[in-house]
file upload.cif (mmCIF, C-alpha atoms)
data_target
loop_
_atom_site.label_atom_id
_atom_site.label_comp_id
_atom_site.auth_asym_id
_atom_site.auth_seq_id
_atom_site.Cartn_x
_atom_site.Cartn_y
_atom_site.Cartn_z
CA MET A 62 -24.92 35.41 31.81
CA TYR A 63 -26.24 37.35 28.79
CA ARG A 64 -22.72 37.71 27.37
CA LYS A 65 -22.13 33.95 27.79
CA ASN A 66 -25.37 33.14 25.92
CA ASN A 67 -24.41 35.55 23.14
CA LYS A 68 -20.99 33.91 22.83
CA SER A 69 -22.49 30.43 22.52
CA LYS A 70 -24.96 31.73 19.90
CA TYR A 71 -22.05 33.09 17.84
CA MET A 72 -20.22 29.79 18.23
CA ILE A 73 -23.25 27.86 16.95
CA LEU A 74 -23.55 30.27 14.01
CA ILE A 75 -19.86 29.89 13.14
CA ILE A 76 -20.10 26.08 13.35
CA MET A 77 -23.23 26.03 11.17
CA PHE A 78 -21.57 28.33 8.63
CA THR A 79 -18.42 26.17 8.54
CA ILE A 80 -20.50 23.01 8.00
CA LEU A 81 -22.39 24.68 5.14
CA VAL A 82 -19.15 25.88 3.52
CA ILE A 83 -17.60 22.39 3.80
CA ILE A 84 -20.71 20.73 2.33
CA GLY A 85 -20.71 23.29 -0.49
CA LEU A 86 -17.05 22.62 -1.24
CA ILE A 87 -17.57 18.84 -1.16
CA THR A 88 -20.51 19.21 -3.58
CA LEU A 89 -18.26 21.12 -5.99
CA ILE A 90 -15.44 18.61 -5.61
CA MET A 91 -17.62 15.59 -6.30
CA LYS A 92 -18.45 16.82 -9.81
CA ASP A 93 -16.80 14.68 -12.49
CA ASP A 94 -16.06 17.59 -14.80
CA ARG A 95 -14.01 19.34 -12.11
CA LYS A 96 -10.54 20.32 -13.27
CA ILE A 97 -7.70 19.09 -11.06
CA GLY A 98 -5.56 21.95 -9.79
CA ARG A 99 -1.77 22.11 -9.90
CA ILE A 100 -1.31 21.37 -6.20
CA GLU A 101 -3.64 18.38 -6.41
CA THR A 102 -1.83 17.07 -9.52
CA PHE A 103 1.55 17.53 -7.83
CA LEU A 104 0.41 15.74 -4.65
CA LYS A 105 -1.18 12.89 -6.61
CA ASP A 106 1.89 12.40 -8.81
CA SER A 107 4.28 12.54 -5.84
CA THR A 108 2.15 10.01 -3.94
CA PHE A 109 2.14 7.81 -7.05
CA LEU A 110 5.94 7.90 -7.36
CA VAL A 111 6.45 7.03 -3.67
CA GLY A 112 3.79 4.33 -4.06
CA LYS A 113 5.66 2.83 -6.99
CA VAL A 114 8.69 2.29 -4.76
CA VAL A 115 6.66 1.05 -1.76
CA SER A 116 4.54 -1.35 -3.82
CA ALA A 117 7.46 -2.78 -5.85
CA PRO A 118 8.14 -5.72 -3.45
CA PHE A 119 4.40 -6.49 -3.16
CA ASN A 120 3.99 -6.41 -6.94
CA PHE A 121 7.01 -8.68 -7.35
CA ILE A 122 5.49 -11.27 -5.01
CA THR A 123 2.04 -10.98 -6.66
CA ASP A 124 3.61 -11.40 -10.12
CA LYS A 125 5.51 -14.50 -8.96
CA PHE A 126 2.29 -16.04 -7.60
CA THR A 127 0.47 -15.26 -10.85
CA GLU A 128 3.36 -16.78 -12.81
CA ILE A 129 3.21 -20.02 -10.80
CA LYS A 130 -0.58 -20.14 -11.14
CA GLU A 131 -0.41 -19.59 -14.90
CA LYS A 132 2.29 -22.21 -15.37
CA ASN A 133 -0.10 -24.86 -14.03
CA ASP A 134 -2.59 -24.47 -16.84
CA ILE A 135 -0.19 -23.44 -19.58
CA TYR A 136 -0.88 -26.55 -21.69
CA ASP A 137 -4.66 -25.97 -21.82
CA LYS A 138 -4.05 -22.35 -22.71
CA TYR A 139 -1.63 -23.39 -25.46
CA GLN A 140 -4.23 -25.72 -27.00
CA ASN A 141 -6.85 -22.94 -26.99
CA MET A 142 -4.41 -20.43 -28.46
CA LYS A 143 -3.40 -22.93 -31.16
CA LYS A 144 -7.01 -23.27 -32.30
CA LYS A 145 -7.47 -19.50 -32.33
CA TYR A 146 -4.15 -18.96 -34.12
CA GLU A 147 -5.23 -21.20 -36.99
CA GLN A 148 -8.22 -18.90 -37.56
CA THR A 149 -6.22 -15.70 -37.17
CA ALA A 150 -4.78 -15.67 -40.70
CA VAL A 151 -8.30 -15.68 -42.18
CA TYR A 152 -9.42 -12.82 -39.91
CA LEU A 153 -6.27 -10.78 -40.54
CA SER A 154 -6.69 -10.89 -44.30
CA LYS A 155 -10.37 -9.97 -43.89
CA ILE A 156 -9.43 -6.99 -41.61
CA ASP A 157 -6.78 -5.88 -44.11
CA GLU A 158 -9.32 -5.97 -46.91
CA LEU A 159 -11.95 -4.07 -44.87
CA GLU A 160 -9.42 -1.45 -43.76
CA HIS A 161 -8.41 -0.94 -47.37
CA ILE A 162 -12.06 -0.48 -48.40
CA ILE A 163 -12.67 1.99 -45.53
CA LYS A 164 -9.59 3.97 -46.53
CA GLU A 165 -10.74 4.18 -50.15
CA LEU A 166 -14.25 5.19 -49.14
CA LYS A 167 -12.87 7.87 -46.81
CA THR A 168 -10.76 9.31 -49.62
CA LEU A 169 -13.70 9.24 -52.04
CA ASN A 170 -15.96 11.03 -49.58
CA ASN A 171 -13.33 13.40 -48.17
CA ILE A 172 -13.72 12.00 -44.65
CA ASP A 173 -10.62 12.13 -42.46
CA TYR A 174 -12.17 10.89 -39.23
CA THR A 175 -14.94 8.44 -38.23
CA THR A 176 -16.52 7.63 -34.88
CA ALA A 177 -14.85 4.21 -34.92
CA ASP A 178 -11.28 5.55 -35.16
CA TYR A 179 -9.16 4.95 -32.06
CA SER A 180 -5.88 3.48 -30.88
CA TYR A 181 -5.24 1.25 -27.88
CA LEU A 182 -3.26 1.97 -24.71
CA ASN A 183 -2.93 -0.82 -22.14
CA ALA A 184 -2.87 0.11 -18.46
CA THR A 185 -2.57 -1.57 -15.07
CA VAL A 186 -5.12 -0.93 -12.34
CA MET A 187 -3.36 0.59 -9.32
CA SER A 188 -6.30 0.81 -6.95
CA ARG A 189 -9.90 -0.22 -7.28
CA ASP A 190 -12.86 1.48 -5.66
CA VAL A 191 -10.96 2.36 -2.49
CA GLY A 192 -13.56 4.15 -0.39
CA PHE A 193 -16.37 1.83 -1.58
CA TRP A 194 -18.81 4.49 -2.83
CA TYR A 195 -17.13 6.09 -5.78
CA ASP A 196 -17.03 3.30 -8.41
CA THR A 197 -13.70 4.43 -9.75
CA ILE A 198 -10.37 2.80 -10.53
CA THR A 199 -6.97 4.44 -10.80
CA ILE A 200 -4.73 3.39 -13.70
CA ASN A 201 -1.01 3.93 -14.26
CA ARG A 202 -1.36 6.00 -17.44
CA GLY A 203 -1.73 9.77 -17.54
CA LYS A 204 -0.90 12.92 -19.48
CA ASN A 205 2.54 11.41 -20.19
CA ASN A 206 0.80 8.79 -22.33
CA ASP A 207 -1.58 11.29 -23.98
CA VAL A 208 -4.58 10.16 -21.95
CA LYS A 209 -7.33 12.77 -21.87
CA ASN A 210 -10.59 13.18 -20.01
CA ASN A 211 -13.61 11.34 -21.43
CA MET A 212 -11.61 8.62 -23.21
CA ALA A 213 -13.36 5.25 -23.18
CA VAL A 214 -11.86 2.40 -21.14
CA ILE A 215 -12.48 -1.26 -21.96
CA THR A 216 -11.43 -4.78 -21.00
CA SER A 217 -11.44 -7.83 -23.26
CA ASN A 218 -15.09 -8.30 -22.23
CA GLY A 219 -16.33 -4.85 -23.19
CA LEU A 220 -16.75 -1.25 -22.13
CA ILE A 221 -16.16 -0.44 -18.44
CA GLY A 222 -16.14 3.35 -18.16
CA LYS A 223 -14.50 6.64 -19.06
CA VAL A 224 -11.53 8.68 -17.88
CA VAL A 225 -12.66 11.49 -15.57
CA ASN A 226 -9.43 12.85 -14.13
CA VAL A 227 -5.90 12.87 -15.51
CA THR A 228 -2.63 13.73 -13.81
CA THR A 229 0.89 13.36 -15.22
CA PHE A 230 1.26 9.66 -14.34
CA THR A 231 -2.22 8.45 -13.40
CA SER A 232 -5.84 8.62 -14.50
CA THR A 233 -9.10 8.03 -12.68
CA VAL A 234 -11.71 5.96 -14.50
CA LYS A 235 -15.38 6.26 -13.60
CA LEU A 236 -16.98 2.84 -13.96
CA LEU A 237 -20.27 2.21 -15.73
CA SER A 238 -21.40 0.32 -12.63
CA SER A 239 -21.82 3.66 -10.86
CA ASN A 240 -25.26 5.18 -10.76
CA ASP A 241 -23.98 8.56 -11.83
CA LEU A 242 -26.65 10.55 -13.65
CA ASN A 243 -24.03 12.06 -15.96
CA MET A 244 -22.99 8.65 -17.28
CA LYS A 245 -25.71 8.33 -19.93
CA ILE A 246 -24.45 6.57 -23.04
CA SER A 247 -26.00 6.25 -26.46
CA VAL A 248 -26.14 2.55 -27.42
CA LYS A 249 -27.52 0.42 -30.24
CA ILE A 250 -28.97 -3.08 -30.19
CA LYS A 251 -28.41 -5.32 -33.19
CA ILE A 252 -31.54 -7.11 -34.35
CA ASP A 253 -30.94 -9.20 -37.48
CA ASN A 254 -29.27 -6.72 -39.84
CA ASP A 255 -30.76 -3.63 -38.28
CA TYR A 256 -30.00 -1.47 -35.24
CA ILE A 257 -32.34 0.09 -32.70
CA TYR A 258 -31.06 2.95 -30.57
CA GLY A 259 -31.45 3.65 -26.85
CA LEU A 260 -29.83 5.30 -23.87
CA LEU A 261 -27.88 3.44 -21.19
CA THR A 262 -29.07 5.23 -18.06
CA GLY A 263 -27.85 3.25 -15.09
CA TYR A 264 -26.72 0.04 -13.45
CA ASP A 265 -28.79 -2.31 -11.34
CA THR A 266 -26.50 -3.58 -8.57
CA LYS A 267 -28.84 -6.45 -7.64
CA SER A 268 -29.08 -8.05 -11.08
CA LYS A 269 -25.66 -6.65 -12.14
CA CYS A 270 -27.18 -5.40 -15.39
CA TYR A 271 -27.12 -2.10 -17.27
CA ILE A 272 -30.47 -0.43 -17.86
CA ILE A 273 -31.35 0.88 -21.32
CA GLU A 274 -34.30 3.23 -21.70
CA GLY A 275 -35.97 5.30 -24.40
CA ILE A 276 -36.69 2.51 -26.87
CA SER A 277 -39.97 2.95 -28.74
CA TYR A 278 -39.34 0.00 -31.09
CA ALA A 279 -42.58 -1.99 -31.39
CA GLY A 280 -41.10 -5.29 -32.56
CA GLU A 281 -39.63 -8.05 -30.47
CA ILE A 282 -36.13 -7.64 -29.07
CA PRO A 283 -34.57 -11.10 -28.74
CA VAL A 284 -32.63 -12.06 -25.63
CA ASP A 285 -28.85 -12.27 -26.24
CA SER A 286 -28.92 -9.48 -28.87
CA VAL A 287 -25.58 -7.66 -28.87
CA VAL A 288 -25.46 -4.10 -27.47
CA THR A 289 -22.70 -1.73 -28.60
CA THR A 290 -21.97 1.99 -28.43
CA THR A 291 -23.21 4.26 -31.22
CA GLY A 292 -20.42 6.83 -31.21
CA MET A 293 -23.06 9.57 -31.15
CA SER A 294 -21.18 11.62 -28.59
CA ASP A 295 -17.72 12.97 -27.99
CA VAL A 296 -17.05 10.29 -25.40
CA PHE A 297 -17.30 6.72 -26.69
CA PRO A 298 -16.29 5.48 -30.14
CA SER A 299 -18.85 3.39 -32.01
CA GLY A 300 -18.94 -0.38 -31.98
CA ILE A 301 -17.60 -0.96 -28.46
CA LEU A 302 -19.23 -4.00 -26.88
CA VAL A 303 -21.43 -3.16 -23.89
CA GLY A 304 -23.14 -6.53 -23.32
CA THR A 305 -26.04 -8.71 -24.38
CA VAL A 306 -29.79 -8.31 -23.79
CA LYS A 307 -30.96 -10.26 -20.76
CA LEU A 308 -34.48 -8.99 -20.07
CA VAL A 309 -37.01 -6.81 -21.91
CA GLU A 310 -39.72 -4.95 -19.96
CA THR A 311 -42.13 -2.14 -20.77
CA ASP A 312 -42.33 1.10 -18.76
CA ASN A 313 -45.24 2.07 -16.46
CA PHE A 314 -47.17 3.71 -19.32
CA ASP A 315 -46.61 0.76 -21.69
CA LEU A 316 -45.09 3.16 -24.20
CA ALA A 317 -41.38 2.41 -24.24
CA LYS A 318 -39.22 -0.59 -23.51
CA ILE A 319 -36.74 -0.92 -20.66
CA ILE A 320 -33.97 -3.37 -21.38
CA LYS A 321 -31.59 -5.02 -18.96
CA VAL A 322 -28.20 -5.77 -20.44
CA LYS A 323 -25.81 -8.30 -19.00
CA SER A 324 -22.13 -7.49 -19.31
CA GLU A 325 -19.35 -10.07 -19.25
CA VAL A 326 -17.11 -7.58 -17.42
CA ASN A 327 -16.28 -8.65 -13.87
CA TYR A 328 -16.07 -5.33 -12.04
CA ASP A 329 -14.74 -7.05 -8.95
CA GLN A 330 -11.61 -8.32 -10.65
CA LEU A 331 -10.23 -5.58 -12.83
CA SER A 332 -6.45 -5.78 -13.08
CA TYR A 333 -5.62 -4.70 -16.61
CA VAL A 334 -7.63 -2.36 -18.83
CA THR A 335 -7.28 -0.65 -22.21
CA VAL A 336 -7.80 3.05 -22.90
CA LEU A 337 -9.23 3.84 -26.31
CA LYS A 338 -7.35 6.89 -27.46
CA ARG A 339 -9.63 8.88 -29.68
CA ASP A 340 -8.74 12.31 -30.93
CA LEU A 341 -11.32 14.19 -28.87
CA SER A 342 -10.39 17.55 -30.31
CA ASP A 343 -12.16 16.65 -33.56
CA MET B 56 7.69 8.78 15.75
CA ILE B 57 9.34 7.86 12.42
CA LYS B 58 8.30 4.22 12.88
CA ILE B 59 4.70 5.32 13.37
CA VAL B 60 4.69 7.51 10.28
CA VAL B 61 6.31 4.69 8.24
CA TYR B 62 3.63 2.31 9.53
CA LEU B 63 0.90 4.75 8.52
CA ILE B 64 2.41 5.24 5.04
CA LEU B 65 2.74 1.47 4.55
CA SER B 66 -0.89 0.98 5.60
CA PHE B 67 -1.92 3.72 3.17
CA TYR B 68 -0.24 2.05 0.18
CA LEU B 69 -1.12 -1.49 1.25
CA GLU B 70 -4.79 -0.50 1.08
CA GLY B 71 -4.42 0.32 -2.64
CA ILE B 72 -2.44 -2.85 -3.37
CA ILE B 73 -4.93 -5.11 -1.57
CA SER B 74 -7.87 -3.41 -3.30
CA THR B 75 -6.65 -4.73 -6.67
CA THR B 76 -6.19 -8.30 -5.46
CA THR B 77 -9.44 -8.89 -3.56
CA ASN B 78 -12.93 -9.36 -4.89
CA MET B 79 -14.62 -6.22 -3.58
CA SER B 80 -18.35 -6.85 -3.84
CA THR B 81 -18.72 -10.53 -3.09
CA ASN B 82 -16.36 -11.18 -0.22
CA PHE B 83 -15.48 -9.78 3.17
CA PHE B 84 -12.05 -8.45 2.32
CA ASN B 85 -12.58 -4.76 1.79
CA PRO B 86 -9.47 -2.94 3.04
CA LEU B 87 -9.61 0.17 5.23
CA PHE B 88 -6.06 -0.04 6.52
CA THR B 89 -5.42 3.69 6.79
CA ILE B 90 -8.35 4.22 9.15
CA SER B 91 -7.43 1.06 11.11
CA ALA B 92 -3.84 2.31 11.43
CA LEU B 93 -5.12 5.64 12.78
CA VAL B 94 -6.91 3.73 15.56
CA LEU B 95 -3.80 1.82 16.54
CA ILE B 96 -1.36 4.75 16.55
CA TYR B 97 -3.55 6.95 18.80
CA ARG B 98 -1.83 5.60 21.93
CA PHE B 99 1.47 7.15 20.82
CA PHE B 100 -0.10 10.60 20.62
CA GLU B 101 -2.09 10.74 23.83
CA LYS B 102 0.07 13.57 25.14
CA ARG B 103 0.46 15.19 21.71
CA GLU B 104 -3.08 15.18 20.40
CA LYS B 105 -2.52 18.17 18.13
CA ASN B 106 0.08 16.16 16.19
CA TYR B 107 -2.34 13.26 15.92
CA PHE B 108 -5.11 15.42 14.48
CA LEU B 109 -2.65 17.04 12.08
CA LEU B 110 -1.48 13.60 10.92
CA ALA B 111 -5.09 12.46 10.43
CA PHE B 112 -5.78 15.65 8.49
CA ILE B 113 -2.77 15.17 6.16
CA ILE B 114 -3.31 11.46 5.58
CA GLY B 115 -7.01 12.18 4.88
CA LEU B 116 -6.00 14.82 2.34
CA LEU B 117 -3.60 12.40 0.58
CA TYR B 118 -6.18 9.60 0.73
CA GLY B 119 -8.76 11.84 -0.91
CA ILE B 120 -6.38 13.02 -3.63
CA TYR B 121 -4.73 9.69 -4.40
CA TYR B 122 -7.54 7.17 -4.08
CA THR B 123 -10.92 8.84 -4.36
CA ASP B 124 -10.36 12.20 -6.12
CA THR B 125 -12.43 13.83 -3.40
CA PHE B 126 -9.80 16.19 -1.98
CA ILE B 127 -11.62 17.75 1.01
CA LEU B 128 -14.16 15.02 1.74
CA ASN B 129 -11.73 12.48 3.16
CA MET B 130 -9.72 15.20 4.87
CA VAL B 131 -12.85 16.17 6.84
CA ILE B 132 -13.93 12.58 7.51
CA PHE B 133 -10.45 11.49 8.63
CA PHE B 134 -10.34 14.47 10.97
CA LEU B 135 -13.79 13.60 12.37
CA SER B 136 -12.70 9.96 12.69
CA ALA B 137 -9.63 11.10 14.67
CA ILE B 138 -11.94 12.98 17.06
CA PHE B 139 -14.11 9.87 17.31
CA ILE B 140 -11.03 7.71 18.04
CA LYS B 141 -10.00 10.13 20.81
CA PHE B 142 -13.53 9.87 22.23
CA ILE B 143 -13.66 6.05 22.28
CA ASN B 144 -10.19 5.86 23.78
CA ILE B 145 -11.58 7.55 26.90
CA TYR B 146 -13.81 4.52 27.50
CA LEU B 147 -11.73 1.66 26.10
CA ALA B 148 -8.37 0.39 27.29
CA HIS B 149 -5.30 -0.40 25.21
CA ASN B 150 -5.40 -4.15 24.73
CA LEU B 151 -6.01 -6.47 21.81
CA LEU B 152 -9.73 -6.98 22.37
CA SER B 153 -10.37 -3.28 22.98
CA ASP B 154 -8.37 -2.38 19.88
CA ILE B 155 -10.49 -4.71 17.75
CA VAL B 156 -13.65 -3.12 19.18
CA LYS B 157 -12.20 0.35 18.50
CA VAL B 158 -11.45 -0.56 14.87
CA ILE B 159 -14.97 -1.95 14.37
CA LEU B 160 -16.55 1.19 15.88
CA THR B 161 -14.32 3.50 13.83
CA ILE B 162 -15.09 1.64 10.58
CA ILE B 163 -18.82 1.95 11.34
CA PHE B 164 -18.36 5.67 12.08
CA TYR B 165 -16.27 6.23 8.92
CA ARG B 166 -18.71 4.41 6.64
CA ILE B 167 -21.83 6.07 8.08
CA SER B 168 -20.37 9.59 8.04
CA THR B 169 -19.11 9.20 4.43
CA PHE B 170 -22.45 7.75 3.37
CA LEU B 171 -24.42 10.56 5.04
CA ILE B 172 -22.30 13.32 3.49
CA LEU B 173 -22.51 11.73 0.03
CA PHE B 174 -26.27 11.33 0.49
CA ILE B 175 -26.71 14.97 1.62
CA ILE B 176 -24.89 16.30 -1.45
CA GLY B 177 -26.97 14.03 -3.72
CA TYR B 178 -24.13 11.76 -4.85
CA LEU B 179 -25.72 8.58 -3.47
CA ASN B 180 -29.26 7.30 -3.10
CA PHE B 181 -30.27 6.27 0.39
CA ASP B 182 -29.72 2.51 0.39
CA TYR B 183 -29.52 0.78 3.79
CA ASN B 184 -28.33 -2.45 2.20
CA LEU B 185 -25.37 -0.76 0.53
CA LEU B 186 -24.39 0.96 3.76
CA PHE B 187 -24.71 -2.28 5.70
CA LYS B 188 -22.66 -4.10 3.07
CA SER B 189 -19.96 -1.43 3.14
CA ILE B 190 -19.59 -1.98 6.88
CA TYR B 191 -19.68 -5.76 7.18
CA SER B 192 -17.47 -6.29 4.11
CA SER B 193 -14.74 -4.18 5.75
CA LEU B 194 -14.56 -5.80 9.16
CA LEU B 195 -12.80 -9.14 8.71
CA LEU B 196 -9.74 -8.04 6.71
CA ASN B 197 -9.16 -5.00 8.92
CA ILE B 198 -9.33 -7.08 12.08
CA ILE B 199 -6.68 -9.39 10.59
CA PHE B 200 -4.63 -6.30 9.71
CA ILE B 201 -4.89 -5.02 13.28
CA LEU B 202 -3.86 -8.42 14.68
CA ILE B 203 -0.69 -8.39 12.55
CA SER B 204 0.05 -4.72 13.34
CA TYR B 205 -0.64 -5.29 17.03
CA LEU B 206 1.92 -8.05 17.21
CA TYR B 207 4.48 -5.85 15.47
CA PHE B 208 3.89 -2.87 17.78
CA ARG B 209 3.73 -5.04 20.86
CA LYS B 210 7.23 -6.32 20.17
CA LYS B 211 8.60 -2.88 19.48
CA GLU B 212 6.94 -0.31 21.70
CA PHE B 213 4.35 -1.58 24.18
#
call {"tool": "encode", "arguments": {"input": "upload.cif", "output": "structure tokens"}}
result
Amino acid sequence: MYRKNNKSKYMILIIMFTILVIIGLITLIMKDDRKIGRIETFLKDSTFLVGKVVSAPFNFITDKFTEIKEKNDIYDKYQNMKKKYEQTAVYLSKIDELEHIIKELKTLNNIDYTTADYSYLNATVMSRDVGFWYDTITINRGKNNDVKNNMAVITSNGLIGKVVNVTTFTSTVKLLSSNDLNMKISVKIKIDNDYIYGLLTGYDTKSKCYIIEGISYAGEIPVDSVVTTTGMSDVFPSGILVGTVKLVETDNFDLAKIIKVKSEVNYDQLSYVTVLKRDLSD
Amino acid sequence: MIKIVVYLILSFYLEGIISTTTNMSTNFFNPLFTISALVLIYRFFEKREKNYFLLAFIIGLLYGIYYTDTFILNMVIFFLSAIFIKFINIYLAHNLLSDIVKVILTIIFYRISTFLILFIIGYLNFDYNLLFKSIYSSLLLNIIFILISYLYFRKKEF
């Protein structure tokens, strides 16, 4: 009887120890700055390659449906594009002129890199928030395409997140809609010709707005003011659109402002994204 | 056996494909095909449970690596889900209605256990609404998936 009790006590201890070890391992694994091991990279890349073959017929059908859908409103799109195209020449010459001025100023001041320097890399979303809780997407660009951790990812409507894990063929992007405490971003709000600076600290799932804190600016912040990144970190280049001001509140002590920012990004329908390749080694 | 593994692999990839075509937060079409497939294939492993648990373990590992970057988390939860599926199969028969009930129960188990682990390690805040939403948004599409799979298996093996 005594021996049986002892045995069950040991069993309980072993089970408790195993649970603690597993929870400890999971805690380590859930960190965003975790480096992916070789086995994990190999398994992820192999699964991706098999998935490419398996999903080919599904993608073909989806593309055909999209093609048919787009053909229906091709005329309206053409009219819109025509209007935009007429304005493009003006913008292009203006961009050329500005780029030339920037280049000259860089040479004069011996600057070979600014926070707004980046190149674009388009990617297709392979899976989106599978598992519900993680607020991540997987894209079909990886080390092969020079994607690195912490590169900013955008859509045509603005910033959506940063690359957190890279394998040879794929990358995982952590979305700004996650309430991850490590996803604090330095942002600036344009008021007339001036900027005020704050910190994007989280995302309110109910109002679908970003929350900006740490603003001690005493003046009025108009609704619809444009919010962009500052480039004051190694992660995001400056001038990337985040959203527009929707609501301005003061904190509990009436000392600083809390701003809710509405983004035009539809997190529920992300199909194509763009990685901003910035030389992070600088 | 090969047919079952192929079915499981197809369910695994279909989950990723569907996730990019459906509107995740506003509708009821949140895919959990891999877990649903595990429920349906249990009947083929009733006399080889070790193989079933091993399969759940491997598919959980791949799911964690490929979709969620969580490595061990899904491996553990898939394994626990497999034990749960074995448990509910003691009380529920193998027919369409029972299979739908089994899938609903397993989805609830999977969501709650993932949520609790992520809450314990401090990854998520405790939000009943989010947990509730994660469950109800997953039911409809997975029931449809089971109906289609059930018809396929019924023709072939049952």
call {"tool": "residues_around", "arguments": {"input": "upload.cif", "residues": "B:Ile199", "least_positions_apart": "6", "cutoff": "10 Å", "atoms": "all atoms listed in the file", "output": "CSV table (one decimal) with C-alpha atoms, in the coordinates of the input"}}
result
chain,number,residue,atom,x,y,z
B,84,PHE,CA,-12.0,-8.4,2.3
B,155,ILE,CA,-10.5,-4.7,17.8
B,205,TYR,CA,-0.6,-5.3,17.0
call {"tool": "atom_distance", "arguments": {"input": "upload.cif", "atom1": "atom CA of A:Asn120", "atom2": "atom CA of A:Lys209"}}
result
26.8 Å
call {"tool": "atom_distance", "arguments": {"input": "upload.cif", "atom1": "atom CA of A:Gly263", "atom2": "atom CA of A:Val227"}}
result
24.0 Å
call {"tool": "residues_around", "arguments": {"input": "upload.cif", "residues": "stretch 168-177 of chain B", "least_positions_apart": "6", "cutoff": "9 Å", "atoms": "only C-alpha atoms", "output": "PyMOL selection string"}}
result
(chain A and resi 84-85+87-88+91+192+194) or (chain B and resi 128-129+132+135-136+186)
call {"tool": "residues_around", "arguments": {"input": "upload.cif", "residues": "A:Phe230", "least_positions_apart": "2", "cutoff": "6 Å", "atoms": "all atoms listed in the file", "output": "PyMOL selection string"}}
result
chain A and resi 202-203+228
call {"tool": "resolve_selection", "arguments": {"input": "upload.cif", "expression": "the PyMOL selection byres ((chain B) within 7 of (chain A))", "output": "number ranges by chain"}}
result
B: 68, 71-72, 74-75, 78-80, 120-123, 125, 127-128, 176, 189
call {"tool": "atom_distance", "arguments": {"input": "upload.cif", "atom1": "atom CA of A:Gly98", "atom2": "atom CA of B:Phe126"}}
result
10.6 Å
call {"tool": "closest_residue", "arguments": {"input": "upload.cif", "among": "B:Ile163, B:Leu206, B:Ile113, B:Met56", "to": "B:Lys188", "atoms": "all atoms listed in the file"}}
result
B:Ile163
call {"tool": "resolve_selection", "arguments": {"input": "upload.cif", "expression": "the PyMOL selection byres ((chain B and resi 141-151) around 10)", "output": "VMD selection string"}}
result
chain B and resid 94 to 95 97 to 98 100 to 101 104 107 to 108 135 to 140 152 to 157 160 to 161 201 to 202 205 to 206 209 213
call {"tool": "write_last_selection", "arguments": {"input": "upload.cif", "atoms": "C-alpha atoms", "output": "short mmCIF file (atom, residue, chain, number, x, y, z; two decimals), in the coordinates of the input"}}
result
data_model
loop_
_atom_site.label_atom_id
_atom_site.label_comp_id
_atom_site.auth_asym_id
_atom_site.auth_seq_id
_atom_site.Cartn_x
_atom_site.Cartn_y
_atom_site.Cartn_z
CA VAL B 94 -6.91 3.73 15.56
CA LEU B 95 -3.80 1.82 16.54
CA TYR B 97 -3.55 6.95 18.80
CA ARG B 98 -1.83 5.60 21.93
CA PHE B 100 -0.10 10.60 20.62
CA GLU B 101 -2.09 10.74 23.83
CA GLU B 104 -3.08 15.18 20.40
CA TYR B 107 -2.34 13.26 15.92
CA PHE B 108 -5.11 15.42 14.48
CA LEU B 135 -13.79 13.60 12.37
CA SER B 136 -12.70 9.96 12.69
CA ALA B 137 -9.63 11.10 14.67
CA ILE B 138 -11.94 12.98 17.06
CA PHE B 139 -14.11 9.87 17.31
CA ILE B 140 -11.03 7.71 18.04
CA LEU B 152 -9.73 -6.98 22.37
CA SER B 153 -10.37 -3.28 22.98
CA ASP B 154 -8.37 -2.38 19.88
CA ILE B 155 -10.49 -4.71 17.75
CA VAL B 156 -13.65 -3.12 19.18
CA LYS B 157 -12.20 0.35 18.50
CA LEU B 160 -16.55 1.19 15.88
CA THR B 161 -14.32 3.50 13.83
CA ILE B 201 -4.89 -5.02 13.28
CA LEU B 202 -3.86 -8.42 14.68
CA TYR B 205 -0.64 -5.29 17.03
CA LEU B 206 1.92 -8.05 17.21
CA ARG B 209 3.73 -5.04 20.86
CA PHE B 213 4.35 -1.58 24.18
#
call {"tool": "closest_residue", "arguments": {"input": "upload.cif", "among": "A:Ser154, A:Gln148, A:Ile301, A:Asp253", "to": "A:Thr216", "atoms": "all atoms listed in the file"}}
result
A:Ile301
call {"tool": "closest_residue", "arguments": {"input": "upload.cif", "among": "B:Phe134, B:Val61, B:Asp124, B:Gly119", "to": "A:Ser232", "atoms": "only C-alpha atoms"}}
result
B:Asp124
call {"tool": "residues_around", "arguments": {"input": "upload.cif", "residues": "B:Ile59", "least_positions_apart": "3", "cutoff": "9 Å", "atoms": "all atoms listed in the file", "output": "PyMOL selection string"}}
result
chain B and resi 56+62-64+96+99
call {"tool": "axis_aligned_box", "arguments": {"input": "upload.cif", "around": "stretch 186-189 of chain A", "padding_each_side": "5 Å", "output": "JSON"}}
result
{"center_x": -6.6, "center_y": -0.1, "center_z": -9.6, "size_x": 16.5, "size_y": 11.7, "size_z": 15.4}
